[in-house]
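The next block holds one structure in the form of structure tokens; read it before the comments.
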Amino acid sequence: MKWRIEIDKVMGVVYKSRTMMTLPEQIARKLTDVLRSELDGMLPEGFCAVVTASQDLRYGDYQSNAAMALAKTVRRNPRELAQAVVTRLGDMVEAEVSMAGPGFINFRIRAEEYARRMVEMLGDERLGVPLTEHPKKIVIDFSAPNVAKPMHVGHIRSTIIGDALARLARFMGHVVITDNHIGDWGTQFGMILWGWKNLLDQTALEKNPIEALLAVYKEVNRRCKEQPDLLEACKAELVLLQSGDVDNLTIWKRCIEVTKTGLKKIYAQLDIRFDYWLGESFYNDALAPLVEDLMERGIARESDGAVCVFSDGFHAPQDDPFLVSKDGEWQSVPAIIRKADGGFLYATTDLATLDYRIREFHADAIWYIVGAPQEKHFKQIFDIARMRGISGDFRHVAFGSILGKDRRPFKTRDGETVSLQDVIDEAVERAARVVQEKSPDMPESEKKVVAEAVGIGAIKFAELSQNRLSDYIFDWDKMLSLTGDTAPYLQNSYVRVRAIERKGGTPDFSVFLSGNGRMLLSEEREINLARVLCRFSEITPITLDDCRPNLLAAYLYELARAFHSFYEACPVLRSEDPVRSSRLTLCEITARVLKLGMSLLGIRMLEKM
RNA sequence: GGCCUCGUAGUUCAAUGGAUAGAACGGCCCUCUCCUAAAGGGCAAAUACAGGUUCGAUUCCUGUCGGGGCUACCA
């Protein structure tokens, strides 16, 4: 038995696991061997049969289209080839094999194989999920709110998706650095500084600093629209700040401090932590030398007074992020890294940030969890890195917009953005009402814990169960829904397992692990539950590979459904022993997969609810 | 204008090129002397349109229509 040990230097967690093959891997290996002998040298070099979970269980648990895929190149009839393969495979220990339709090879996994795998999972801390073969150091850049502006619903996606990906990557064996690249140096500071000096209510600042700052910002913003000369005054404040004026620097630092305190409270509530908070201002000193360097190396040049990076002709025009077609001609859309007035921009900071992460963190990968509209920006940033000879797994993990009912960017009726804190408060409040209704006898302190876990879990799960690339319409009732395909549904399935285990006593699983007890699966819903449990090891890695948390969320929902269905049909504590202990084992593994899976999404489970 | 992206039940979302397109909410019908009914079992209901590639297309390609985004000194 082989064990692998991996130490996550950041988290200090040690994961150990037997290297256990997933079912499709195991079957694919045998299938490929059989194809090789059947086709006698005609099998294409490096060919590996693909085995996938069947969508329709009537055809079996897993299927392969290898015969259909190969039929043409080897000039055989797909059905005939599939049948020959099925004959050669014969009686597999793990599955019944059959041919169907246009040439599918179907595998129905035997109950004994599922039982064997359940025992393996029982003894494996990783529940069968293999560690990555290629551990990387990954910087994940997410959330990134602006100073002096509280987070609004628009920050939900980046914050929750980024946190889930960080958790997944760590679990898969990567070294992860989370970095909150806050907007602490933007042009909004001109207005904030002017407002601070002229409008700020000190008592309001002490009471609720972020609210006070926001109120000031909004008021200045409003006045600027009416009085153009005020805008000039704000710009002057910004110039003062950027030239190192002591008073303005002091105010600026206070703003950041106050904002960070507020943000940390909300992140704590969301159970999200960052290893670093290297905001835009952190890179200020790096910007001028960076631009100089790019000019010296001929990557950037002056144009209309600004310093720009143009296409170097590396890509075909249609793939070139610095070109756009206009009236049948390719026109340059350069990345501007220094304005004509000498100021630096978003792109400059991002280049410096990428540089720093490679140089100081020795990152192999940088993943940016940022909205889809910025696609071109990141293509340019990554392409400039390429021009400078910097390489790595750079990804813009994009997501769609949150829209209102009118399919325009989401705002409240009076045009305000909805603050993230309001969404959280509303969710927890709604959950609290349900707790009160369902569990009136629970101690008050516990009710509070349950309401928090349910409410916040509901928000996270609603976000993560959606395909990140599609836009979605914000709807209070859907986001905060507590029935159906939601976090509380999954939390409830875990609670049900715990209730069984509390009443039935702590089960003794050592008989299974030692091989003395026999795990027995016979009922349809038992086998189905075991089938779903096995698939955890297949789903988790691809969820990270594609940066698509919704795959894991959908899987966990399927698992909870399989469990609820099993729960209704198969009494555990009232059954007799080999069945009773086998069912208890299923319950235990279900609980572990649910808890681990949800923790990878950043959602807490509860013992009672 | 060009480029990117999306268009799936009444509504909100799923579906590595696979077989009869899944869920949830809402609607209708059942199930608590039984381990938590925040649950289970059932019914009705959808791939914008037109071509093409393929044994096989919601998925890939082309075009049309419709929504959103990007398109040099904001982030």
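Lettering and numbering for the structure tokens are positional, with chains as A, B, ... in the shown order, residues counted from 1 in each chain, and ligands counted from 1 in the shown order.
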
Hey, could you make a per-residue contact list for chain B against chain A with 9 Å as the cut-off, showing the nearest pair of atoms and its distance in Å to one decimal, counting only C-alpha atoms (C1' of nucleotides), sorted by chain and number, as a Markdown table?
| residue | atom | partner | partner_atom | distance |
| --- | --- | --- | --- | --- |
| B:G1 | C1' | A:Asp327 | CA | 6.5 |
| B:G2 | C1' | A:Ser325 | CA | 5.0 |
| B:C3 | C1' | A:Val324 | CA | 6.9 |
| B:C4 | C1' | A:Glu375 | CA | 8.5 |
| B:U5 | C1' | A:Ala372 | CA | 8.7 |
| B:C6 | C1' | A:Ser470 | CA | 7.1 |
| B:U12 | C1' | A:Lys478 | CA | 7.5 |
| B:C13 | C1' | A:Gln466 | CA | 6.8 |
| B:A14 | C1' | A:Gln466 | CA | 8.1 |
| B:U16 | C1' | A:Thr52 | CA | 8.7 |
| B:G18 | C1' | A:Asn65 | CA | 8.1 |
| B:A19 | C1' | A:Gly101 | CA | 7.0 |
| B:A23 | C1' | A:Asp485 | CA | 7.6 |
| B:A24 | C1' | A:Gly484 | CA | 5.5 |
| B:C25 | C1' | A:Gly484 | CA | 7.9 |
| B:C34 | C1' | A:Pro571 | CA | 8.7 |
| B:C35 | C1' | A:Ile500 | CA | 4.8 |
| B:U36 | C1' | A:Arg496 | CA | 6.1 |
| B:A38 | C1' | A:Asn492 | CA | 6.5 |
| B:A39 | C1' | A:His564 | CA | 7.0 |
| B:G40 | C1' | A:Glu568 | CA | 6.2 |
| B:C55 | C1' | A:Pro102 | CA | 6.8 |
| B:G56 | C1' | A:Pro102 | CA | 8.6 |
| B:G67 | C1' | A:Arg407 | CA | 8.0 |
| B:G68 | C1' | A:Arg408 | CA | 8.1 |
| B:G69 | C1' | A:Pro373 | CA | 5.5 |
| B:C70 | C1' | A:Pro373 | CA | 6.6 |
| B:U71 | C1' | A:Val324 | CA | 7.1 |
| B:A72 | C1' | A:Val333 | CA | 5.9 |
| B:C73 | C1' | A:Lys339 | CA | 4.9 |
| B:C74 | C1' | A:Thr187 | CA | 8.2 |
| B:A75 | C1' | A:Tyr346 | CA | 6.1 |

Q: Excluding Ile27 (chain A) and residues on its chain fewer than 2 positions from it, collect all residues at most 9 Å away from it, counting only C-alpha atoms (C1' of nucleotides), and give them as a list in words.
A: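 After dropping sequence-adjacent residues, the list is Thr22, Leu23, Pro24, Glu25, Arg29, Lys30, Leu31, Thr32, Val51, Tyr62, Glu94, Ala95 and Phe107 of chain A.
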
Selected residues written out, C-alpha atoms, as a short mmCIF file (atom, residue, chain, number, x, y, z; two decimals), in the first residue's frame:
data_model
loop_
_atom_site.label_atom_id
_atom_site.label_comp_id
_atom_site.auth_asym_id
_atom_site.auth_seq_id
_atom_site.Cartn_x
_atom_site.Cartn_y
_atom_site.Cartn_z
CA THR A 22 -10.89 6.17 -9.35
CA LEU A 23 -13.36 3.78 -10.96
CA PRO A 24 -13.20 5.31 -14.44
CA GLU A 25 -9.40 5.28 -14.33
CA ARG A 29 -6.81 1.16 -18.03
CA LYS A 30 -8.24 -2.32 -18.55
CA LEU A 31 -10.24 -1.21 -21.56
CA THR A 32 -7.17 0.30 -23.19
CA VAL A 51 -14.58 6.23 -19.53
CA TYR A 62 -20.02 4.16 -16.63
CA GLU A 94 -15.62 -4.63 -10.81
CA ALA A 95 -18.37 -4.47 -13.42
CA PHE A 107 -20.23 -0.87 -17.36
#

**Q.** From A:Val50, A:Ala316, A:Leu351, A:Ile138, residue lying nearest Arg388 (chain A) [only C-alpha atoms]
**A.** A:Leu351

Q: Might you pull out every residue within 12 Å of Arg592 (chain A), with only C-alpha atoms (C1' of nucleotides) counted and same-chain residues fewer than 5 positions away left off, and present them as a PyMOL selection string?
A: chain A and resi 118+121-128+493-495+497-498+533+536+556+559+585-587+597-599+605

For N, CA and C atoms, I'd like the residues from the last selection saved as a PDB file, in the first residue's frame.
ATOM      1  N   MET A 118     -16.219   1.524  -0.503  1.00  0.00           N
ATOM      2  CA  MET A 118     -16.710   2.212   0.705  1.00  0.00           C
ATOM      3  C   MET A 118     -15.732   1.987   1.863  1.00  0.00           C
ATOM      4  N   MET A 121     -12.705   4.110   1.345  1.00  0.00           N
ATOM      5  CA  MET A 121     -12.954   5.521   1.667  1.00  0.00           C
ATOM      6  C   MET A 121     -12.974   5.744   3.173  1.00  0.00           C
ATOM      7  N   LEU A 122     -13.505   4.766   3.868  1.00  0.00           N
ATOM      8  CA  LEU A 122     -13.603   4.848   5.324  1.00  0.00           C
ATOM      9  C   LEU A 122     -12.215   5.014   5.944  1.00  0.00           C
ATOM     10  N   GLY A 123     -11.213   4.413   5.320  1.00  0.00           N
ATOM     11  CA  GLY A 123      -9.866   4.483   5.873  1.00  0.00           C
ATOM     12  C   GLY A 123      -9.003   5.574   5.260  1.00  0.00           C
ATOM     13  N   ASP A 124      -9.605   6.443   4.478  1.00  0.00           N
ATOM     14  CA  ASP A 124      -8.813   7.435   3.754  1.00  0.00           C
ATOM     15  C   ASP A 124      -9.250   8.844   4.134  1.00  0.00           C
ATOM     16  N   GLU A 125      -8.327   9.593   4.705  1.00  0.00           N
ATOM     17  CA  GLU A 125      -8.652  10.966   5.104  1.00  0.00           C
ATOM     18  C   GLU A 125      -9.100  11.822   3.927  1.00  0.00           C
ATOM     19  N   ARG A 126      -8.574  11.503   2.738  1.00  0.00           N
ATOM     20  CA  ARG A 126      -8.906  12.313   1.561  1.00  0.00           C
ATOM     21  C   ARG A 126     -10.135  11.778   0.838  1.00  0.00           C
ATOM     22  N   LEU A 127     -10.733  10.742   1.379  1.00  0.00           N
ATOM     23  CA  LEU A 127     -11.961  10.178   0.817  1.00  0.00           C
ATOM     24  C   LEU A 127     -11.803   9.831  -0.659  1.00  0.00           C
ATOM     25  N   GLY A 128     -10.613   9.356  -0.999  1.00  0.00           N
ATOM     26  CA  GLY A 128     -10.381   8.866  -2.350  1.00  0.00           C
ATOM     27  C   GLY A 128      -9.899   9.906  -3.340  1.00  0.00           C
ATOM     28  N   SER A 493     -29.123  17.263   5.331  1.00  0.00           N
ATOM     29  CA  SER A 493     -28.782  15.853   5.144  1.00  0.00           C
ATOM     30  C   SER A 493     -27.679  15.447   6.122  1.00  0.00           C
ATOM     31  N   TYR A 494     -26.762  16.370   6.383  1.00  0.00           N
ATOM     32  CA  TYR A 494     -25.692  16.102   7.346  1.00  0.00           C
ATOM     33  C   TYR A 494     -26.270  15.981   8.762  1.00  0.00           C
ATOM     34  N   VAL A 495     -27.192  16.869   9.068  1.00  0.00           N
ATOM     35  CA  VAL A 495     -27.843  16.848  10.382  1.00  0.00           C
ATOM     36  C   VAL A 495     -28.569  15.513  10.596  1.00  0.00           C
ATOM     37  N   VAL A 497     -27.779  12.588   9.321  1.00  0.00           N
ATOM     38  CA  VAL A 497     -26.784  11.552   9.619  1.00  0.00           C
ATOM     39  C   VAL A 497     -26.371  11.647  11.079  1.00  0.00           C
ATOM     40  N   ARG A 498     -26.081  12.858  11.525  1.00  0.00           N
ATOM     41  CA  ARG A 498     -25.618  13.045  12.902  1.00  0.00           C
ATOM     42  C   ARG A 498     -26.667  12.598  13.912  1.00  0.00           C
ATOM     43  N   LEU A 533     -21.194   8.382  -3.790  1.00  0.00           N
ATOM     44  CA  LEU A 533     -20.061   8.636  -2.893  1.00  0.00           C
ATOM     45  C   LEU A 533     -18.728   8.407  -3.602  1.00  0.00           C
ATOM     46  N   PHE A 536     -17.067  11.282  -5.727  1.00  0.00           N
ATOM     47  CA  PHE A 536     -16.423  12.455  -5.123  1.00  0.00           C
ATOM     48  C   PHE A 536     -14.979  12.585  -5.617  1.00  0.00           C
ATOM     49  N   LEU A 556     -22.542  17.713  -4.859  1.00  0.00           N
ATOM     50  CA  LEU A 556     -22.930  17.613  -3.452  1.00  0.00           C
ATOM     51  C   LEU A 556     -24.453  17.610  -3.308  1.00  0.00           C
ATOM     52  N   LEU A 559     -25.530  14.192  -4.140  1.00  0.00           N
ATOM     53  CA  LEU A 559     -25.241  13.312  -3.004  1.00  0.00           C
ATOM     54  C   LEU A 559     -26.299  13.465  -1.913  1.00  0.00           C
ATOM     55  N   THR A 585     -22.221   2.633   8.018  1.00  0.00           N
ATOM     56  CA  THR A 585     -21.000   2.998   7.286  1.00  0.00           C
ATOM     57  C   THR A 585     -21.327   3.958   6.149  1.00  0.00           C
ATOM     58  N   LEU A 586     -22.383   3.653   5.414  1.00  0.00           N
ATOM     59  CA  LEU A 586     -22.805   4.571   4.342  1.00  0.00           C
ATOM     60  C   LEU A 586     -23.088   5.960   4.902  1.00  0.00           C
ATOM     61  N   CYS A 587     -23.773   5.987   6.040  1.00  0.00           N
ATOM     62  CA  CYS A 587     -24.102   7.268   6.684  1.00  0.00           C
ATOM     63  C   CYS A 587     -22.828   8.027   7.024  1.00  0.00           C
ATOM     64  N   GLY A 597     -16.658  18.221   1.332  1.00  0.00           N
ATOM     65  CA  GLY A 597     -17.038  18.881   0.085  1.00  0.00           C
ATOM     66  C   GLY A 597     -17.525  20.294   0.328  1.00  0.00           C
ATOM     67  N   MET A 598     -18.376  20.466   1.326  1.00  0.00           N
ATOM     68  CA  MET A 598     -18.889  21.805   1.624  1.00  0.00           C
ATOM     69  C   MET A 598     -17.778  22.696   2.167  1.00  0.00           C
ATOM     70  N   SER A 599     -16.850  22.126   2.915  1.00  0.00           N
ATOM     71  CA  SER A 599     -15.761  22.960   3.440  1.00  0.00           C
ATOM     72  C   SER A 599     -14.904  23.468   2.286  1.00  0.00           C
ATOM     73  N   MET A 605     -21.007  23.057   8.056  1.00  0.00           N
ATOM     74  CA  MET A 605     -22.058  22.093   8.365  1.00  0.00           C
ATOM     75  C   MET A 605     -22.419  22.218   9.832  1.00  0.00           C
TER      76      MET A 605
END

(Q) Nearest residue to Gly371 (chain A) out of A:Phe274, A:Phe410, A:Phe399, A:Phe394, using only C-alpha atoms? (A) A:Phe399

Q: Please provide as an MDAnalysis selection string all residues within 12 Å of C49 (chain B), with the sequence filter that same-chain residues fewer than 5 positions apart are discarded (counting only C-alpha atoms (C1' of nucleotides)).
A: chainID B and resid 7 63:66

Deliver the residues from the most recent selection as a file, using C-alpha atoms (C1' of nucleotides), as a PDB file, in the first residue's frame.
ATOM      1  C1'   G B   7     -30.078  32.965 -25.842  1.00  0.00           C
ATOM      2  C1'   G B  63     -25.346  32.913 -41.261  1.00  0.00           C
ATOM      3  C1'   U B  64     -29.908  35.564 -39.275  1.00  0.00           C
ATOM      4  C1'   C B  65     -32.508  37.674 -35.086  1.00  0.00           C
ATOM      5  C1'   G B  66     -32.266  39.297 -29.885  1.00  0.00           C
TER       6        G B  66
END
